[in-house]
Amino acid sequence: MATVITAGNATNGLSLSADNTGSFEFKTGTGAGTTAISVSSSQIVTMNGGVIYPLVAGTAVASTSGTSIDFTSIPSWVKRITVMFNGVSTNGASIVLIQLGSGSAETTGYLGAGVSVAGAVVTTNYTTGFGLGATGNTAASTVRQGSVIISLLNSNIWTCTGAVADSGNAASTITAGSKTTSGVLDRVRITTVNGTDTFDAGSINILYE
């Protein structure tokens with residue numbers, strides 16, 4: 001059908017619709033004008049030549065059981081992921097890890113360190129994930145609150161930075177690092193260094209954009 005502009009009433013406002021074979025465009029200037037905003041038939045919005053993607057919240061997962069928690073089916077357009085922890089605890093002293101993956105969680109190739117601050121400052125390097133803290137400075141009583149941001153640097157290179165407080169022991173941890181995934185990232189896993197400690201409290205969720 002042809003382009004339709006419908007001025008509605010107070011209930012349905014202004015409706016703008018285009019045929020389903022092309023883009024809907026907002027233009028500026030005179031004559032043919034210059035496209036400022038374009039909405040494609042697949043509902044992809046472009047402004048000033050750049051695609052606008054939404055901020056999407058995942059589904060919060062109760063971290064009350066299991067040795068790992070996975071968030072999968074992350075879209076290929078994602079450039080930044082925020083992992084959020086609320087009262088997260090495990091039944092052991094192994095450091096909590098964040099792992100990235102393409103098709104499956106990847107356990108090698110991480111560069112970075114975790115820092116624990118509880119009176120003294122202790123640092124541990126990690127190669128199997130982004131570690132939330134330093135070895136010997138976590139326990140079953142550790143209760144994690146905070147966020148970690150994972151950002152796309154270029155191609156499949158991701159960087160990580162974040163801070164998580166231990167509300168159970170008046171301490172905090174800082175993590176930072178980088179990881180090149182084997183392909184386009186589509187998942188994030190939260191687990192522990194030993195892979196056997198079990199989550200027993202709290203919840204975890206992600207935001208991606």
# chains A, B, ... in the order shown; residues from 1 in each chain; ligands from 1

call {"tool": "residues_around", "arguments": {"residues": "A:Lys179", "least_positions_apart": "5", "cutoff": "8 Å", "atoms": "only C-alpha atoms", "output": "VMD selection string"}}
result
chain A and resid 109 to 111 157 to 159

call {"tool": "select_by_dssp", "arguments": {"residues": "stretch 35-188 of chain A", "states": "strand (DSSP E or B)", "output": "ChimeraX atom specification"}}
result
/A:35-39,45-47,50-52,56-57,61-62,69-71,80-90,96-101,105,110-118,120-125,130-131,144-154,157-166,171-180,187-188

call {"tool": "atom_distance", "arguments": {"atom1": "atom CA of A:Ser203", "atom2": "atom CA of A:Thr59"}}
result
10.3 Å

call {"tool": "atom_distance", "arguments": {"atom1": "atom CA of A:Asp70", "atom2": "atom CA of A:Arg189"}}
result
4.4 Å

call {"tool": "residues_around", "arguments": {"residues": "A:Ser178", "least_positions_apart": "5", "cutoff": "12 Å", "atoms": "only C-alpha atoms", "output": "compact mmCIF listing (two decimals) with C-alpha atoms, in the first residue's frame"}}
result
# COMPACT_ATOMS: atom_id res chain seq x y z
CA ILE A 98 32.73 -14.92 34.26
CA GLN A 99 33.36 -16.75 30.99
CA LEU A 100 32.47 -15.74 27.42
CA THR A 108 41.23 -20.38 27.86
CA GLY A 109 42.75 -17.18 26.51
CA TYR A 110 41.72 -14.74 29.22
CA LEU A 111 44.14 -11.99 30.25
CA GLY A 112 43.54 -10.10 33.46
CA ALA A 113 43.41 -10.14 37.21
CA ASN A 125 45.92 -13.40 37.59
CA TYR A 126 43.34 -15.49 35.71
CA THR A 127 43.49 -17.25 32.34
CA THR A 128 40.25 -19.29 32.46
CA GLY A 129 37.80 -16.41 32.98
CA PHE A 130 37.37 -13.01 34.57
CA GLY A 131 37.89 -13.65 38.28
CA ILE A 149 30.77 -4.57 32.24
CA ILE A 150 32.04 -6.49 29.21
CA SER A 151 32.62 -4.37 26.08
CA LEU A 152 33.52 -5.16 22.46
CA LEU A 153 36.84 -3.57 21.51
CA ASN A 154 37.13 -4.77 17.91
CA ASN A 156 35.87 -10.58 18.66
CA ILE A 157 38.07 -8.84 21.26
CA TRP A 158 36.21 -8.14 24.51
CA THR A 159 37.35 -6.18 27.54
CA CYS A 160 36.07 -6.46 31.09
CA THR A 161 35.95 -4.17 34.09

call {"tool": "closest_residue", "arguments": {"among": "A:Ala62, A:Val56, A:Val45, A:Ala134", "to": "A:Val96", "atoms": "only C-alpha atoms"}}
result
A:Ala134

call {"tool": "closest_residue", "arguments": {"among": "A:Thr192, A:Asn48, A:Thr175, A:Ser104", "to": "A:Thr124", "atoms": "only C-alpha atoms"}}
result
A:Thr175

call {"tool": "closest_residue", "arguments": {"among": "A:Ile37, A:Ser68, A:Ala163, A:Ser182", "to": "A:Val115", "atoms": "only C-alpha atoms"}}
result
A:Ala163

call {"tool": "atom_distance", "arguments": {"atom1": "atom CA of A:Thr173", "atom2": "atom CA of A:Leu132"}}
result
6.1 Å

call {"tool": "residues_around", "arguments": {"residues": "A:Leu55", "least_positions_apart": "4", "cutoff": "9 Å", "atoms": "only C-alpha atoms", "output": "number ranges by chain"}}
result
A: 207-209

call {"tool": "write_last_selection", "arguments": {"atoms": "N, CA and C atoms", "output": "CSV table (one decimal), in the first residue's frame"}}
result
chain,number,residue,atom,x,y,z
A,207,LEU,N,22.3,-7.2,31.2
A,207,LEU,CA,21.8,-6.3,30.3
A,207,LEU,C,22.7,-6.3,29.1
A,208,TYR,N,22.1,-6.2,27.9
A,208,TYR,CA,23.0,-6.1,26.7
A,208,TYR,C,22.5,-5.0,25.8
A,209,GLU,N,23.4,-4.5,25.0
A,209,GLU,CA,23.1,-3.4,24.1
A,209,GLU,C,24.1,-3.3,22.9

call {"tool": "closest_residue", "arguments": {"among": "A:Ala36, A:Ala201, A:Ile44, A:Ala57", "to": "A:Ser141", "atoms": "only C-alpha atoms"}}
result
A:Ala201

call {"tool": "closest_residue", "arguments": {"among": "A:Thr123, A:Thr107, A:Thr82, A:Ser89", "to": "A:Val143", "atoms": "only C-alpha atoms"}}
result
A:Ser89

call {"tool": "closest_residue", "arguments": {"among": "A:Leu185, A:Met84, A:Ile174, A:Ile69", "to": "A:Ser155", "atoms": "only C-alpha atoms"}}
result
A:Leu185
